[in-house]
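Have a look at the structure below before the remarks.
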Amino acid sequence: MKNKLIYLSVAIAFVAFTSCKNEVSAQSDSNETKGYEGKEITAEFDAEIDKLVAQMTLEEKIGMLHGNSMFTSGGVKRLGIPELKMADGPLGVREEISRDNWSPAGLTNDFATYYPAAGALAATWNTEMAYTFGNSVGQELRARDKDMLLSPAINIVRTPLGGRTYEYLTEDPFLNKKMAVPMVVGLQDNDVMACVKHFAANNQETNRDFVDVQIDERTLREIYLPAFESAVKEGKAYSIMGAYNKFRGEYLCENDYMLNKVLRDEWGFKGIVVSDWAAVHSTVKSLNNGLDIEMGTPKKFNEFFLADKLIAAAKAGEVSEAEIDKHVKRILRSLFQVKAMGGKDRVKGSIATEAHYQDAYKIAAEAVVLLKNENNALPLKLEDVKSIAVIGNNATKKNALGGFGAGVKTKREVTPLDGLKNRLPSSIKINYAEGYLERYDEKNKGNLGNITSNGPVTIDKLDPAKLKEAIDAAKNSDVAIIFAGSNRDYETESSDRSSLKLPFGQEELIKKVLEVNPKTIVVMVAGAPFDIEEIKNKTNALVWSWFNGSEGGNALADVLLGKINPSGKLPWTMPKKLMDSPAHATNSFPGDRTVNYAEGILVGYRWFDTKKVEPLYPFGYGLSYTTFAFDNAKTDKKSYTVDETITVSLTVKNTGKVDGKEVVQLYASKSDSKITRAAQELKGFQKVLVKTGNSETVTIKIPVKELAYYNVETKKWTVEPGNYTLKLGSSSRDIKKEVNVIVK
Ligand code: BGC
């Protein structure tokens, strides 16, 4: 394993002073003391590339600019240029797909590790886990002899209904970029390309093929772009995937502003822009506006916009050969960079190894979020337990595959029930009952996610026999655990959810089980918020698990039984009601042909905190089996200039009875700001292991430029001078200490 983390001993704060002294070159150039830095695409191979391009025919060049199978773009065999081989995706390396249609190729060597979905990864709040994730998947990708992973997916979670919420990291741009960069670096340390998607402003599935997203410039810069910018500038991602939808009237795969101006001119991106599958709508325009490779769904590959039509356009003089060469060279540079052009000692990789399953386990174990734990209901104390009722379809439901979109074919997916069987002593009897059935109204199933449809899509009536079985199991057991939530058929790409209601009659089931056995623990297996307020009020113990990978069931059992002390924190706000969340409160989701992000910069907790709306569970929330006290919060100085870095330190004491990990979260707030601002914004975090009775010192570095806002008048990141309050907490709503600093 190659670990190329670069530890920078000093913060490099590069500040370009322009007309105003508090304008900074860009917000996210900021490097912290410990950083992850990717490798630059170099000019090392340019002479060789020029020679190759000089020998290529127009047809051969254009062959490299579009898919020649479902997941490859063309090569030029006679010149030793291989096809560029891609694979999905966010949950691990997807199984091999046939060359000319979506059906699986039926290989036997493409079983892979199923990694926890991105929402789970974000819930670890641990950047080392993000590196591990990237690096581990990168090795699997090489074992499959691929060049590019269509991952990470880093769109902002704008609405809790988003069908791909589980695939994305978070609602917060800072957490997003801090997790995205190490993921990209870890992946690319294996001689492969990350393809960071979906660039950008692709935050809903509803109408994604045509909806025109309108976002004001400040919001775009502060919320939707930072993680992409950091993935490019710090992570040095070799490729970016253009999104399906339009942005300010132009499709994102032919969007001059986004692809040429922002991505390449401003950020200096040297890599490849790949289209989302069938997201291209033009030939010359797409090419001129920055797209390099068109990928798509089955139709004849020569009928793609960047295939025969481009040859004809070139022959007709509508596009110059020099323009075509520019795109071909970008692809060749990245191919050389990852040693796909016959470079020696390219990483060979390995797949579905025990070490990789353990990587998945580690991430899963840190992702589980403890939401409620009255009377120390958890961890389970087995001395008094002879039998446990395990209830719910989600106890056995598998999520590596399912729904529309990329999954993983795996030989190992430990379900919650399997996990308990693996971890519980054989003397304890498990009484399993399915409880609820995953059922759809077949006539209406196509309407799943049609948020305007009123017809029933899921069948929410419980089957009486199944209900009785569950109640009997709960009555006859010392403890009951219900595994509820959703699954990857219900939460899926290509459709948003129509409400936050738990499907399949689960709420009724949970209430009835709680009535007969108050010692019932509720575990939610889901990737996005649900309306669980009543359940929260009725149960003593509530746990959030995710589509949590190959080892998810083992990790969950270890949390329930106390072998693992939970340390996950929510990466998004759980609203009490849908209408409390910003896109819905402003009636600006999903739009029709246009969607206007009316909440502006107030996405996620920024809205809840500024408008003083009480969430069900706040951003950054998660309990532990121990307790922590924060003390001695201080900064290294009182006042700073824009090019300095604020060092905040505090001690975290473990005041409980077991070792545990806490995530110290730092939010910045400027209450006397002259501009509209969110009440507070995450600007730093650090996860720390503290042994029982011990204290640890946590140091968080914040380059002052992180406090900048995007000034639309000057088009510059600007740090407002004056007082700032730095709030240190264990969630966005549990601030334990505050320190004030002055920016000159
Ligand atoms: C998705 C992408 C994915 C591609 C190829 C598209 O529908 O939006 O995320 O990489 O399909 O499977």
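The chains in the structure tokens are called A, B, ... from first to last as shown; in each chain the residues are counted from 1, and the ligands are counted from 1 in the order shown.
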Expected answer as an MDAnalysis selection string: residues within 6 Å of ligand 1, only C-alpha atoms and all ligand atoms: chainID A and resid 88 150 276:277 406
Quick one: write out the picked residues with N, CA and C atoms as a compact mmCIF listing (two decimals), in the first residue's frame?
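Contents of selection.txt, freshly written:
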```txt
# COMPACT_ATOMS: atom_id res chain seq x y z
N ASP A 88 -17.97 2.18 -12.23
CA ASP A 88 -18.65 2.81 -11.10
C ASP A 88 -18.05 2.15 -9.87
N LEU A 150 -15.61 6.01 -11.15
CA LEU A 150 -16.61 7.08 -11.24
C LEU A 150 -17.07 7.43 -9.83
N ASP A 276 -21.75 12.67 -17.82
CA ASP A 276 -22.57 11.63 -17.22
C ASP A 276 -23.17 10.82 -18.39
N TRP A 277 -23.73 9.66 -18.06
CA TRP A 277 -24.16 8.73 -19.11
C TRP A 277 -25.39 9.28 -19.85
N ALA A 406 -25.54 2.40 -9.47
CA ALA A 406 -24.39 1.54 -9.27
C ALA A 406 -24.36 0.89 -7.90
```
Test item: residues at most 10 Å from Glu738 in chain A, only C-alpha atoms, excluding those fewer than 2 positions along its chain, as a list in words: Ala633, Lys634, Leu666, Tyr667, Ala668, Thr725, Leu726, Lys727, Leu728, Gly729, Ile735, Lys736 and Asn740 of chain A
Sorted per-residue table, range 196-246 of chain A near range 709-722 of chain A, closest atoms and distance, 12 Å, only C-alpha atoms, as CSV:
```
residue,atom,partner,partner_atom,distance
A:Asp216,CA,A:Val712,CA,9.3
A:Glu217,CA,A:Val712,CA,6.7
A:Arg218,CA,A:Tyr710,CA,5.5
A:Thr219,CA,A:Tyr710,CA,8.4
A:Leu220,CA,A:Tyr710,CA,9.4
A:Arg221,CA,A:Tyr710,CA,6.7
A:Glu222,CA,A:Tyr710,CA,6.7
A:Ile223,CA,A:Tyr710,CA,10.4
A:Leu225,CA,A:Tyr710,CA,11.6
A:Pro226,CA,A:Tyr710,CA,11.3
```
For Gln204 in chain A: contacts at 8 Å, only C-alpha atoms, fewer than 5 positions along chain excluded, given as a list in words: Arg158, Thr159, Gly162, Gly163, Arg164, Asp496 and Pro590 of chain A
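For the pair CA of Asn447 in chain A and CA of Gly392 in chain A, the interatomic distance is 24.8 Å.
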Among the residues A:Pro90, A:Gly684, A:Gly660, A:Gly402, the one that comes closest to Asn565 in chain A [using only C-alpha atoms]: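 Checking each of A:Pro90, A:Gly684, A:Gly660, A:Gly402 against Asn565 in chain A, counting only C-alpha atoms, the winner is A:Gly660.
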Close residues, range 246-254 of chain A itself excluded, 9 Å, only C-alpha atoms, min 5 positions apart in chain, as a ChimeraX atom specification: /A:199-202,208-215,241,259,273-276,279-282,285-291,294,594
Close residues, range 480-485 of chain A itself excluded, 6 Å, only C-alpha atoms, min 5 positions apart in chain, as a list in words: Ile388, Ala389, Val390, Ile391, Gly392, Asn394, Ala395, Ala474, Thr520, Ile521, Val522, Val523, Met524, Val525 and Ala526 of chain A
All strand (DSSP E) positions in range 103-248 of chain A, as a count of residues only: 19
Alpha helix (DSSP H) positions in range 473-568 of chain A, given as a list in words: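 Taking range 473-568 of chain A and keeping alpha helix (DSSP H) gives Ala473, Ala474, Lys475, Gln506, Glu507, Glu508, Leu509, Ile510, Lys511, Lys512, Val513, Leu514, Glu515, Val516, Glu533, Glu534, Ile535, Lys536, Asn537, Lys538, Gly552, Gly553, Asn554, Ala555, Leu556, Ala557, Asp558, Val559 and Leu560 of chain A.
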Residue with smallest distance to Tyr621 in chain A - pool A:Lys344, A:Lys657, A:Lys372, A:Lys421, counting only C-alpha atoms: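 Comparing A:Lys344, A:Lys657, A:Lys372, A:Lys421 against Tyr621 in chain A, the winner is A:Lys372.
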Option closest in space to Val137 in chain A, from A:Asp384, A:Glu96, A:Asp463, A:Asp191 [counting only C-alpha atoms]: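 Of all the options, A:Asp191 lies closest to Val137 in chain A.
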Could you list, with a cut-off of 12 Å and counting only C-alpha atoms, the residues of range 332-440 of chain A near range 69-83 of chain A, each shown with its nearest atom pair and the distance in Å rounded to one decimal, rows sorted by chain and ascending number, as a tab-separated table?
```
residue	atom	partner	partner_atom	distance
A:Leu332	CA	A:Ile81	CA	8.3
A:Arg333	CA	A:Ile81	CA	11.5
A:Leu335	CA	A:Pro82	CA	8.7
A:Phe336	CA	A:Ile81	CA	9.8
A:Lys339	CA	A:Pro82	CA	11.0
A:Ala340	CA	A:Pro82	CA	7.4
A:Met341	CA	A:Ile81	CA	6.4
A:Gly342	CA	A:Gly80	CA	8.3
A:Gly343	CA	A:Gly80	CA	11.7
```
